[in-house]
>>> print(open('query26.pdb').read())   # PDB, C-alpha atoms
ATOM      1  CA  LEU A   1       5.927  -6.151 -24.347
ATOM      2  CA  VAL A   2       6.137  -7.722 -20.892
ATOM      3  CA  SER A   3       3.450 -10.276 -21.782
ATOM      4  CA  ALA A   4       5.305 -11.195 -24.967
ATOM      5  CA  ALA A   5       8.570 -11.630 -23.077
ATOM      6  CA  LEU A   6       6.842 -13.773 -20.446
ATOM      7  CA  SER A   7       5.710 -16.190 -23.135
ATOM      8  CA  GLU A   8       9.395 -16.968 -23.685
ATOM      9  CA  ARG A   9      10.649 -16.534 -20.094
ATOM     10  CA  SER A  10       7.688 -17.492 -17.920
ATOM     11  CA  ASP A  11       9.777 -17.773 -14.732
ATOM     12  CA  ASP A  12      11.668 -14.507 -15.011
ATOM     13  CA  PRO A  13      10.925 -12.727 -11.678
ATOM     14  CA  GLN A  14      11.665  -9.277 -13.124
ATOM     15  CA  LEU A  15       9.079  -9.830 -15.866
ATOM     16  CA  LEU A  16       6.601 -11.402 -13.444
ATOM     17  CA  TRP A  17       6.500  -8.493 -11.005
ATOM     18  CA  ARG A  18       6.327  -5.980 -13.850
ATOM     19  CA  GLN A  19       3.349  -7.857 -15.286
ATOM     20  CA  ALA A  20       1.766  -7.839 -11.828
ATOM     21  CA  ARG A  21       2.244  -4.060 -11.704
ATOM     22  CA  ALA A  22       0.706  -3.660 -15.172
ATOM     23  CA  LEU A  23      -2.325  -5.752 -14.214
ATOM     24  CA  HIS A  24      -2.793  -3.694 -11.054
ATOM     25  CA  LYS A  25      -2.782  -0.526 -13.134
ATOM     26  CA  LEU A  26      -5.413  -2.026 -15.450
ATOM     27  CA  ALA A  27      -7.492  -3.043 -12.429
ATOM     28  CA  GLU A  28      -7.415   0.506 -11.058
ATOM     29  CA  ALA A  29      -8.822   1.791 -14.348
ATOM     30  CA  GLU A  30     -11.505  -0.920 -14.575
ATOM     31  CA  ALA A  31     -14.993   0.114 -13.417
ATOM     32  CA  GLU A  32     -16.737  -3.275 -13.632
ATOM     33  CA  PRO A  33     -16.233  -5.055 -10.253
ATOM     34  CA  ARG A  34     -15.894  -8.624 -11.527
ATOM     35  CA  ALA A  35     -13.445  -7.605 -14.242
ATOM     36  CA  LYS A  36     -11.475  -5.584 -11.675
ATOM     37  CA  GLU A  37     -11.282  -8.570  -9.348
ATOM     38  CA  ARG A  38     -10.098 -10.866 -12.161
ATOM     39  CA  LEU A  39      -7.293  -8.452 -13.023
ATOM     40  CA  VAL A  40      -6.252  -8.139  -9.390
ATOM     41  CA  ARG A  41      -6.166 -11.899  -8.858
ATOM     42  CA  HIS A  42      -4.291 -12.424 -12.113
ATOM     43  CA  GLY A  43      -1.740  -9.842 -11.017
ATOM     44  CA  LEU A  44      -1.439 -11.454  -7.586
ATOM     45  CA  ALA A  45      -0.684 -14.817  -9.196
ATOM     46  CA  HIS A  46       2.178 -13.226 -11.140
ATOM     47  CA  ALA A  47       3.552 -11.476  -8.049
ATOM     48  CA  ARG A  48       3.391 -14.672  -5.991
ATOM     49  CA  ARG A  49       5.211 -16.537  -8.734
ATOM     50  CA  ALA A  50       7.920 -13.870  -8.771
ATOM     51  CA  VAL A  51       8.382 -14.228  -4.995
ATOM     52  CA  LEU A  52       8.506 -18.016  -5.304
ATOM     53  CA  VAL A  53      11.137 -17.889  -8.047
ATOM     54  CA  GLN A  54      13.228 -15.177  -6.377
ATOM     55  CA  PRO A  55      12.467 -14.765  -2.647
ATOM     56  CA  ASP A  56      15.006 -11.932  -2.319
ATOM     57  CA  CYS A  57      13.346  -9.709  -4.958
ATOM     58  CA  GLY A  58      12.128  -6.559  -3.211
ATOM     59  CA  PRO A  59       9.786  -5.302  -5.963
ATOM     60  CA  ALA A  60       8.147  -8.743  -6.146
ATOM     61  CA  HIS A  61       7.333  -8.561  -2.430
ATOM     62  CA  LYS A  62       6.075  -4.991  -2.806
ATOM     63  CA  TRP A  63       3.629  -5.915  -5.554
ATOM     64  CA  CYS A  64       2.635  -9.116  -3.815
ATOM     65  CA  GLY A  65       1.661  -7.042  -0.770
ATOM     66  CA  ILE A  66      -0.202  -4.466  -2.855
ATOM     67  CA  LEU A  67      -2.175  -7.056  -4.810
ATOM     68  CA  LEU A  68      -2.849  -9.308  -1.817
ATOM     69  CA  SER A  69      -4.330  -6.319  -0.008
ATOM     70  CA  ALA A  70      -6.427  -5.449  -3.073
ATOM     71  CA  ALA A  71      -7.625  -9.057  -3.471
ATOM     72  CA  SER A  72      -8.684  -9.379   0.170
ATOM     73  CA  ALA A  73     -10.831  -6.247  -0.194
ATOM     74  CA  PHE A  74     -13.191  -8.302  -2.361
ATOM     75  CA  GLU A  75     -13.672 -10.842   0.446
ATOM     76  CA  GLY A  76     -14.803  -8.761   3.429
ATOM     77  CA  THR A  77     -13.395  -7.583   6.757
ATOM     78  CA  ARG A  78     -12.350 -10.984   8.121
ATOM     79  CA  ALA A  79     -10.357 -11.803   4.978
ATOM     80  CA  GLN A  80      -8.703  -8.381   5.089
ATOM     81  CA  ILE A  81      -7.669  -8.860   8.706
ATOM     82  CA  GLU A  82      -6.450 -12.391   8.032
ATOM     83  CA  SER A  83      -4.378 -11.356   5.010
ATOM     84  CA  SER A  84      -2.999  -8.295   6.781
ATOM     85  CA  PHE A  85      -0.248 -10.334   8.418
ATOM     86  CA  ALA A  86       1.041 -11.531   5.041
ATOM     87  CA  VAL A  87       0.655  -8.051   3.531
ATOM     88  CA  ALA A  88       2.789  -6.558   6.312
ATOM     89  CA  GLU A  89       5.395  -9.293   5.890
ATOM     90  CA  HIS A  90       5.691  -8.597   2.163
ATOM     91  CA  PHE A  91       6.061  -4.846   2.757
ATOM     92  CA  GLU A  92       8.650  -5.424   5.502
ATOM     93  CA  LEU A  93      10.643  -7.673   3.171
ATOM     94  CA  ALA A  94      10.362  -5.099   0.379
ATOM     95  CA  VAL A  95      11.793  -2.456   2.734
ATOM     96  CA  ALA A  96      14.598  -4.768   3.879
ATOM     97  CA  LEU A  97      15.517  -5.873   0.355
ATOM     98  CA  THR A  98      15.203  -2.456  -1.308
ATOM     99  CA  PRO A  99      15.966   0.009   1.524
ATOM    100  CA  ALA A 100      16.241   2.974  -0.862
ATOM    101  CA  ASP A 101      12.707   2.503  -2.221
ATOM    102  CA  ALA A 102      10.568   5.275  -0.737
ATOM    103  CA  THR A 103       7.354   3.694  -2.007
ATOM    104  CA  SER A 104       7.898   0.515   0.004
ATOM    105  CA  ARG A 105       8.353   2.556   3.184
ATOM    106  CA  HIS A 106       5.222   4.525   2.336
ATOM    107  CA  LEU A 107       3.234   1.309   1.894
ATOM    108  CA  LEU A 108       4.396  -0.041   5.240
ATOM    109  CA  GLY A 109       3.338   3.266   6.757
ATOM    110  CA  VAL A 110      -0.122   2.952   5.189
ATOM    111  CA  TRP A 111      -0.428  -0.558   6.630
ATOM    112  CA  CYS A 112       0.443   0.709  10.113
ATOM    113  CA  PHE A 113      -1.970   3.637   9.789
ATOM    114  CA  GLU A 114      -4.876   1.440   8.689
ATOM    115  CA  VAL A 115      -4.283  -0.979  11.580
ATOM    116  CA  ALA A 116      -3.940   1.875  14.070
ATOM    117  CA  LYS A 117      -7.308   3.332  13.063
ATOM    118  CA  LEU A 118      -9.293   0.072  13.252
ATOM    119  CA  SER A 119     -12.619   0.648  14.988
ATOM    120  CA  TRP A 120     -13.546  -1.073  18.257
ATOM    121  CA  SER A 121     -15.825  -3.492  16.405
ATOM    122  CA  GLU A 122     -13.073  -4.371  13.903
ATOM    123  CA  ARG A 123     -10.591  -4.944  16.727
ATOM    124  CA  HIS A 124     -13.155  -7.088  18.545
ATOM    125  CA  LEU A 125     -13.687  -9.144  15.376
ATOM    126  CA  ALA A 126      -9.950  -9.591  14.931
ATOM    127  CA  ALA A 127      -9.537 -10.710  18.545
ATOM    128  CA  ALA A 128     -12.352 -13.234  18.116
ATOM    129  CA  PHE A 129     -10.673 -14.963  15.182
ATOM    130  CA  PHE A 130      -6.963 -14.480  15.811
ATOM    131  CA  ALA A 131      -4.921 -15.091  18.945
ATOM    132  CA  THR A 132      -2.745 -12.092  18.078
ATOM    133  CA  PRO A 133      -4.589  -9.492  15.969
ATOM    134  CA  PRO A 134      -2.505  -7.105  13.813
ATOM    135  CA  GLN A 135      -1.112  -4.247  15.862
ATOM    136  CA  ALA A 136       0.445  -0.913  14.934
ATOM    137  CA  THR A 137       0.449   2.698  16.090
ATOM    138  CA  TYR A 138       0.195   6.103  14.481
ATOM    139  CA  GLU A 139       3.729   6.768  15.721
ATOM    140  CA  GLN A 140       5.007   3.766  13.736
ATOM    141  CA  ALA A 141       3.101   4.889  10.656
ATOM    142  CA  LYS A 142       4.519   8.395  10.926
ATOM    143  CA  GLY A 143       8.034   6.994  11.235
ATOM    144  CA  HIS A 144       7.671   5.144   7.940
ATOM    145  CA  PHE A 145       6.174   8.152   6.150
ATOM    146  CA  LEU A 146       8.984  10.382   7.432
ATOM    147  CA  ALA A 147      11.605   7.860   6.321
ATOM    148  CA  ALA A 148      10.061   7.768   2.843
ATOM    149  CA  GLU A 149      10.028  11.566   2.705
ATOM    150  CA  GLU A 150      13.674  11.755   3.758
ATOM    151  CA  MET A 151      14.658   9.318   0.997
ATOM    152  CA  GLU A 152      12.828  11.211  -1.719
ATOM    153  CA  PRO A 153      11.333  14.561  -0.639
ATOM    154  CA  GLY A 154       8.010  15.352  -2.298
ATOM    155  CA  PHE A 155       7.984  12.090  -4.265
ATOM    156  CA  TYR A 156       4.309  11.383  -3.630
ATOM    157  CA  PRO A 157       1.579  13.813  -2.541
ATOM    158  CA  LYS A 158      -0.216  10.987  -0.731
ATOM    159  CA  ASN A 159       2.779  10.517   1.562
ATOM    160  CA  LEU A 160       2.428  14.163   2.601
ATOM    161  CA  LEU A 161      -1.303  13.696   3.151
ATOM    162  CA  MET A 162      -0.687  10.603   5.284
ATOM    163  CA  LEU A 163       1.792  12.548   7.406
ATOM    164  CA  ALA A 164      -0.882  15.198   7.941
ATOM    165  CA  ARG A 165      -3.440  12.565   8.886
ATOM    166  CA  CYS A 166      -1.024  10.825  11.267
ATOM    167  CA  CYS A 167      -0.174  14.047  13.047
ATOM    168  CA  ASP A 168      -3.863  14.920  13.275
ATOM    169  CA  CYS A 169      -4.688  11.530  14.815
ATOM    170  CA  MET A 170      -1.798  11.974  17.273
ATOM    171  CA  GLY A 171      -3.168  15.371  18.320
ATOM    172  CA  ASP A 172      -0.384  17.452  16.789
ATOM    173  CA  LYS A 173      -2.555  19.874  14.837
ATOM    174  CA  GLU A 174       0.226  22.358  14.105
ATOM    175  CA  GLU A 175       2.481  19.804  12.411
ATOM    176  CA  ALA A 176      -0.541  18.291  10.660
ATOM    177  CA  ARG A 177      -1.282  21.667   9.065
ATOM    178  CA  VAL A 178       2.339  21.957   7.862
ATOM    179  CA  TRP A 179       2.166  18.607   6.061
ATOM    180  CA  ARG A 180      -1.291  19.377   4.716
ATOM    181  CA  GLN A 181      -0.009  22.634   3.222
ATOM    182  CA  LYS A 182       2.937  20.835   1.623
ATOM    183  CA  CYS A 183       0.508  18.363   0.079
ATOM    184  CA  LEU A 184      -1.683  21.166  -1.256
ATOM    185  CA  ALA A 185       1.391  22.762  -2.836
ATOM    186  CA  SER A 186       2.356  19.534  -4.625
ATOM    187  CA  GLN A 187       2.434  19.349  -8.395
ATOM    188  CA  ILE A 188      -0.363  17.226  -9.853
ATOM    189  CA  LYS A 189       1.131  14.554 -12.119
ATOM    190  CA  THR A 190      -1.494  11.789 -12.049
ATOM    191  CA  PRO A 191      -5.257  11.409 -11.527
ATOM    192  CA  GLU A 192      -4.454   9.958  -8.099
ATOM    193  CA  ASP A 193      -2.536  13.114  -7.191
ATOM    194  CA  LYS A 194      -5.597  15.192  -8.068
ATOM    195  CA  ILE A 195      -7.759  13.075  -5.743
ATOM    196  CA  THR A 196      -5.124  13.252  -2.989
ATOM    197  CA  ILE A 197      -4.938  17.043  -3.120
ATOM    198  CA  ALA A 198      -8.734  17.275  -3.063
ATOM    199  CA  GLU A 199      -8.728  15.081   0.055
ATOM    200  CA  ALA A 200      -6.094  17.330   1.641
ATOM    201  CA  ALA A 201      -8.232  20.400   0.863
ATOM    202  CA  ALA A 202     -11.222  18.731   2.568
ATOM    203  CA  LEU A 203      -9.217  17.624   5.625
ATOM    204  CA  LYS A 204     -10.444  19.496   8.692
ATOM    205  CA  ILE A 205      -7.586  20.175  11.071
TER     206      ILE A 205
END
>>> encode(input="query26.pdb", output="structure tokens")
Amino acid sequence: LVSAALSERSDDPQLLWRQARALHKLAEAEAEPRAKERLVRHGLAHARRAVLVQPDCGPAHKWCGILLSAASAFEGTRAQIESSFAVAEHFELAVALTPADATSRHLLGVWCFEVAKLSWSERHLAAAFFATPPQATYEQAKGHFLAAEEMEPGFYPKNLLMLARCCDCMGDKEEARVWRQKCLASQIKTPEDKITIAEAAALKI
């Protein structure tokens, strides 16, 4: 339906970001790597077009960040580090433009967490190529995850898992166990939720 509507309204930002979301969902279900990459890049093109047409569209920035991150994963560590600045900017804009969207806050938290846990070699690589490598802390990541949870308690088992992981990395084992237990008690609604809860069960705290 979205594709059909786009054929008539090719510059409608609401249709563009929804098509980007649909292509991302197809990419997640695709097992063949080249086909997956094509879907991701096609989705990214739609999201970028949505941002270009309507720069103040929060969902367009959210999906642009998601798909840019997914696209850079096909290009190696340097490309991922290089694109991380733009990914963070899109997520920050999504949060600013749609402050009630818990998912956008969660995504910004994931970005902070992934940067915080970069290995020494990855940080060294980033410093070699970029004057100012991406920087974030576990405390920042936790703040975003908590904000998302306050907006919509229990909305996403992965947010609970990320809170557990943050607390664990910060050395707060007791709080980490609380969040891990909340994740384990979550209702499974999607295949991703099932994977998340399995990861929580395997998390050693």
>>> residues_around(input="query26.pdb", residues="segment 192-203 of chain A", least_positions_apart="3", cutoff="7 Å", atoms="all atoms listed in the file", output="VMD selection string")
chain A and resid 157 to 158 161 180 183 to 184 188 to 189
>>> closest_residue(input="query26.pdb", among="A:His144, A:Tyr156, A:Leu108, A:Ala79", to="Phe130 of chain A", atoms="only C-alpha atoms")
A:Ala79
>>> resolve_selection(input="query26.pdb", expression="the PyMOL selection byres ((chain A and resi 14) around 9)", output="NGL selection string")
:A and (11-13 or 15-19 or 50 or 57 or 59-60)
>>> resolve_selection(input="query26.pdb", expression="the PyMOL selection byres ((chain A and resi 169) around 10)", output="list of chain:residue names")
A:Phe113, A:Ala116, A:Lys117, A:Tyr138, A:Glu139, A:Leu163, A:Ala164, A:Arg165, A:Cys166, A:Cys167, A:Asp168, A:Met170, A:Gly171, A:Asp172, A:Lys173, A:Ala176, A:Ile205
>>> resolve_selection(input="query26.pdb", expression="the PyMOL selection byres ((chain A and resi 94) around 7)", output="list in words")
Gly58, Pro59, His61, Lys62, His90, Phe91, Glu92, Leu93, Val95, Ala96, Leu97, Thr98 and Ser104 of chain A
>>> write_last_selection(input="query26.pdb", atoms="C-alpha atoms", output="tab-separated table (two decimals), in the coordinates of the input")
chain	number	residue	atom	x	y	z
A	58	GLY	CA	12.13	-6.56	-3.21
A	59	PRO	CA	9.79	-5.30	-5.96
A	61	HIS	CA	7.33	-8.56	-2.43
A	62	LYS	CA	6.08	-4.99	-2.81
A	90	HIS	CA	5.69	-8.60	2.16
A	91	PHE	CA	6.06	-4.85	2.76
A	92	GLU	CA	8.65	-5.42	5.50
A	93	LEU	CA	10.64	-7.67	3.17
A	95	VAL	CA	11.79	-2.46	2.73
A	96	ALA	CA	14.60	-4.77	3.88
A	97	LEU	CA	15.52	-5.87	0.36
A	98	THR	CA	15.20	-2.46	-1.31
A	104	SER	CA	7.90	0.52	0.00
>>> atom_distance(input="query26.pdb", atom1="atom CA of Gln80 of chain A", atom2="atom CA of Asn159 of chain A")
22.4 Å
>>> closest_residue(input="query26.pdb", among="A:Ala71, A:Gly109, A:Ala22, A:Phe129", to="Lys36 of chain A", atoms="only C-alpha atoms")
A:Ala71
>>> axis_aligned_box(input="query26.pdb", around="segment 98-104 of chain A", padding_each_side="8 Å", output="AutoDock Vina command-line options")
--center_x 11.8 --center_y 1.4 --center_z -0.3 --size_x 24.9 --size_y 23.7 --size_z 19.7
>>> closest_residue(input="query26.pdb", among="A:Ser83, A:Met162, A:Pro191, A:Ala148", to="Arg177 of chain A", atoms="all atoms listed in the file")
A:Met162
